[in-house]
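Below you'll find the structure, written out as structure tokens, and then a few comments.
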Amino acid sequence: MVGESDKILSMKCDTEVDSKLSKVELLKEQITIHEKRRQESWDRCDTDGFVSQWSSDLSSHKLRTQLSIEEAGGKSEFDALFDLEGNLVCAKLINGTYGQCWALMEETVDGKKRQDKYKFTGKFISAFPKRKSTMEKKGYREGTIKTGAIAVFRGNGTGLSGRVWVAVVRKDGGFSWDVEVVDNGMS
């Protein structure tokens, strides 16, 4: 089964590069192809090719971002929620009505830690308060973890009034126990 990170390698331009290359080499080749396509579009037209030029720029930006992730071992740093003892809390960072918040999820089933298919508890905690003490009064601290990551396109709006950007997201969908703790909020 092809994973999310491998989807980037199955783009149409793969047919133009040697399939025996490593993932990093393949990403570098794809970046070169998108940059070449952008320049070719620019050379053969005036302003009519702005959409294809923009698309090639955006595609090469996504590939450059994925390349930097791959060069860092396929991982990136993300915010995480910890209890006051520094233990990881089963919570996912989401966009709520009033900004980002931590959605707490069920940690255990029959006394055992869940490994997948987490269920929301219905409890939400505002994320990133101005004062650290605000979060500590609720019994939590915010810190940083390192886990598998992938570069994706994100966007909003429609047509030419919309916007698109490259974002780095967690491969695990927002939470996993299998992470490297960088900072548990205790410092």
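Residue numbering restarts at 1 for every chain of the structure tokens, chains are lettered A, B, ... in their displayed order, and ligands are numbered from 1 as they appear.
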
I need the strand (DSSP E or B) residues of segment 10-185 of chain A per DSSP on the backbone, written as a CSV table (one decimal) with N, CA and C atoms, in the first residue's frame.
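Wrote part.csv, looks like this:
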chain,number,residue,atom,x,y,z
A,75,LYS,N,10.7,13.6,9.4
A,75,LYS,CA,10.0,14.1,10.5
A,75,LYS,C,10.1,15.6,10.6
A,76,SER,N,9.1,16.2,11.4
A,76,SER,CA,9.1,17.6,11.6
A,76,SER,C,8.6,17.8,13.0
A,77,GLU,N,8.8,19.0,13.5
A,77,GLU,CA,8.3,19.3,14.9
A,77,GLU,C,6.9,19.9,14.9
A,78,PHE,N,6.1,19.5,15.9
A,78,PHE,CA,4.7,20.0,16.0
A,78,PHE,C,4.4,20.2,17.5
A,79,ASP,N,3.4,21.1,17.7
A,79,ASP,CA,3.0,21.4,19.1
A,79,ASP,C,2.3,20.1,19.6
A,80,ALA,N,2.4,20.0,21.0
A,80,ALA,CA,1.7,18.9,21.6
A,80,ALA,C,1.3,19.3,23.0
A,81,LEU,N,0.3,18.6,23.6
A,81,LEU,CA,-0.2,18.9,24.9
A,81,LEU,C,0.3,17.9,25.9
A,82,PHE,N,0.8,18.4,27.1
A,82,PHE,CA,1.3,17.5,28.1
A,82,PHE,C,0.6,17.9,29.5
A,83,ASP,N,0.6,16.9,30.4
A,83,ASP,CA,0.1,17.2,31.7
A,83,ASP,C,1.2,17.9,32.5
A,88,LEU,N,2.7,13.1,27.8
A,88,LEU,CA,1.9,13.4,26.6
A,88,LEU,C,0.5,13.1,26.9
A,91,ALA,N,-4.5,14.4,22.8
A,91,ALA,CA,-5.2,15.5,22.4
A,91,ALA,C,-4.8,15.9,21.0
A,92,LYS,N,-5.7,16.5,20.2
A,92,LYS,CA,-5.4,16.9,18.8
A,92,LYS,C,-5.6,18.4,18.7
A,93,LEU,N,-4.7,19.1,18.1
A,93,LEU,CA,-4.9,20.5,17.8
A,93,LEU,C,-5.8,20.7,16.7
A,94,ILE,N,-6.9,21.5,16.9
A,94,ILE,CA,-7.9,21.7,15.8
A,94,ILE,C,-8.2,23.2,15.8
A,95,ASN,N,-8.8,23.6,14.7
A,95,ASN,CA,-9.3,25.0,14.5
A,95,ASN,C,-10.7,25.0,15.1
A,96,GLY,N,-11.0,25.7,16.1
A,96,GLY,CA,-12.3,25.9,16.7
A,96,GLY,C,-12.9,27.2,16.3
A,99,GLY,N,-10.7,30.1,17.4
A,99,GLY,CA,-9.2,29.9,17.2
A,99,GLY,C,-8.8,28.5,17.5
A,100,GLN,N,-7.5,28.2,17.5
A,100,GLN,CA,-7.0,26.9,17.8
A,100,GLN,C,-7.3,26.4,19.2
A,101,CYS,N,-7.6,25.1,19.3
A,101,CYS,CA,-7.8,24.6,20.6
A,101,CYS,C,-7.4,23.1,20.6
A,102,TRP,N,-7.2,22.6,21.8
A,102,TRP,CA,-6.9,21.2,22.0
A,102,TRP,C,-8.2,20.4,22.2
A,103,ALA,N,-8.4,19.4,21.4
A,103,ALA,CA,-9.6,18.5,21.5
A,103,ALA,C,-9.1,17.3,22.2
A,104,LEU,N,-9.5,17.1,23.5
A,104,LEU,CA,-9.1,15.9,24.2
A,104,LEU,C,-9.8,14.7,23.7
A,105,MET,N,-9.0,13.6,23.7
A,105,MET,CA,-9.6,12.3,23.2
A,105,MET,C,-9.4,11.2,24.2
A,108,THR,N,-7.6,5.6,26.8
A,108,THR,CA,-7.6,4.1,27.1
A,108,THR,C,-8.9,3.5,26.7
A,109,VAL,N,-8.8,2.2,26.5
A,109,VAL,CA,-10.0,1.3,26.4
A,109,VAL,C,-9.7,0.1,27.2
A,112,LYS,N,-6.1,0.0,28.7
A,112,LYS,CA,-5.0,-0.1,27.8
A,112,LYS,C,-5.0,1.2,26.9
A,113,LYS,N,-3.8,1.7,26.6
A,113,LYS,CA,-3.7,2.9,25.8
A,113,LYS,C,-4.1,2.5,24.4
A,120,PHE,N,-13.2,11.6,20.4
A,120,PHE,CA,-13.2,12.8,21.1
A,120,PHE,C,-14.0,12.7,22.4
A,121,THR,N,-13.6,13.4,23.4
A,121,THR,CA,-14.3,13.3,24.7
A,121,THR,C,-15.3,14.4,24.8
A,122,GLY,N,-15.2,15.4,23.9
A,122,GLY,CA,-16.1,16.6,24.0
A,122,GLY,C,-15.6,17.7,24.8
A,123,LYS,N,-14.4,17.5,25.3
A,123,LYS,CA,-13.7,18.6,26.1
A,123,LYS,C,-12.7,19.3,25.2
A,124,PHE,N,-12.7,20.6,25.3
A,124,PHE,CA,-11.8,21.4,24.5
A,124,PHE,C,-11.1,22.4,25.4
A,125,ILE,N,-9.8,22.7,25.1
A,125,ILE,CA,-9.0,23.6,25.8
A,125,ILE,C,-8.4,24.6,24.8
A,126,SER,N,-8.5,25.9,25.1
A,126,SER,CA,-7.9,26.9,24.2
A,126,SER,C,-6.4,26.7,24.2
A,140,TYR,N,-2.4,21.6,32.4
A,140,TYR,CA,-1.7,21.2,31.2
A,140,TYR,C,-0.6,22.1,30.9
A,141,ARG,N,0.3,21.7,30.0
A,141,ARG,CA,1.4,22.5,29.5
A,141,ARG,C,1.5,22.2,28.0
A,142,GLU,N,2.0,23.1,27.2
A,142,GLU,CA,2.2,22.9,25.8
A,142,GLU,C,3.7,22.7,25.5
A,143,GLY,N,4.0,21.8,24.7
A,143,GLY,CA,5.4,21.5,24.3
A,143,GLY,C,5.5,21.1,22.8
A,144,THR,N,6.6,20.4,22.5
A,144,THR,CA,6.9,20.1,21.1
A,144,THR,C,7.3,18.7,21.0
A,145,ILE,N,6.8,18.0,19.9
A,145,ILE,CA,7.2,16.7,19.6
A,145,ILE,C,7.7,16.6,18.2
A,146,LYS,N,8.3,15.5,17.8
A,146,LYS,CA,8.8,15.3,16.5
A,146,LYS,C,8.2,14.0,16.0
A,147,THR,N,7.5,14.1,14.8
A,147,THR,CA,6.9,12.9,14.3
A,147,THR,C,6.9,13.0,12.7
A,148,GLY,N,6.5,11.9,12.1
A,148,GLY,CA,6.4,11.8,10.6
A,148,GLY,C,5.6,13.0,10.1
A,149,ALA,N,6.1,13.5,9.0
A,149,ALA,CA,5.4,14.7,8.4
A,149,ALA,C,5.4,14.6,6.9
A,150,ILE,N,4.5,15.4,6.3
A,150,ILE,CA,4.4,15.4,4.8
A,150,ILE,C,4.0,16.8,4.4
A,151,ALA,N,4.4,17.3,3.3
A,151,ALA,CA,4.1,18.6,2.7
A,151,ALA,C,2.8,18.4,1.9
A,152,VAL,N,1.8,19.3,2.1
A,152,VAL,CA,0.5,19.2,1.4
A,152,VAL,C,0.1,20.6,0.9
A,153,PHE,N,-0.8,20.7,0.0
A,153,PHE,CA,-1.4,21.9,-0.4
A,153,PHE,C,-2.6,22.1,0.5
A,154,ARG,N,-2.7,23.4,1.0
A,154,ARG,CA,-3.9,23.8,1.7
A,154,ARG,C,-4.5,25.0,1.0
A,155,GLY,N,-5.7,25.3,1.1
A,155,GLY,CA,-6.3,26.4,0.5
A,155,GLY,C,-7.7,26.8,1.0
A,156,ASN,N,-8.2,28.0,0.6
A,156,ASN,CA,-9.5,28.4,0.9
A,156,ASN,C,-10.0,29.3,-0.2
A,163,ARG,N,-7.0,31.1,-2.4
A,163,ARG,CA,-5.5,31.1,-2.2
A,163,ARG,C,-5.1,29.7,-1.8
A,164,VAL,N,-3.9,29.4,-2.1
A,164,VAL,CA,-3.3,28.1,-1.9
A,164,VAL,C,-1.9,28.3,-1.3
A,165,TRP,N,-1.6,27.4,-0.3
A,165,TRP,CA,-0.2,27.5,0.3
A,165,TRP,C,0.2,26.0,0.6
A,166,VAL,N,1.5,25.9,0.9
A,166,VAL,CA,2.1,24.6,1.2
A,166,VAL,C,2.1,24.6,2.8
A,167,ALA,N,1.7,23.5,3.3
A,167,ALA,CA,1.7,23.3,4.8
A,167,ALA,C,2.4,22.0,5.1
A,168,VAL,N,3.0,21.9,6.3
A,168,VAL,CA,3.6,20.7,6.7
A,168,VAL,C,2.6,20.1,7.8
A,169,VAL,N,2.2,18.9,7.6
A,169,VAL,CA,1.2,18.3,8.5
A,169,VAL,C,1.7,16.9,9.0
A,170,ARG,N,1.1,16.5,10.1
A,170,ARG,CA,1.5,15.2,10.7
A,170,ARG,C,0.9,14.1,9.8
A,180,GLU,N,8.6,11.5,19.2
A,180,GLU,CA,9.8,11.8,19.9
A,180,GLU,C,9.5,13.2,20.6
A,181,VAL,N,9.6,13.2,22.0
A,181,VAL,CA,9.4,14.4,22.7
A,181,VAL,C,10.6,15.3,22.6
A,182,VAL,N,10.4,16.5,22.2
A,182,VAL,CA,11.5,17.5,22.0
A,182,VAL,C,11.5,18.4,23.3
A,183,ASP,N,10.3,18.8,23.7
A,183,ASP,CA,10.1,19.7,24.9
A,183,ASP,C,8.7,19.4,25.5

Within 8 Å of Ser60 of chain A, counting only C-alpha atoms, which residues qualify if same-chain residues fewer than 6 places away don't, as a ChimeraX atom specification?
/A:30-32,34-35
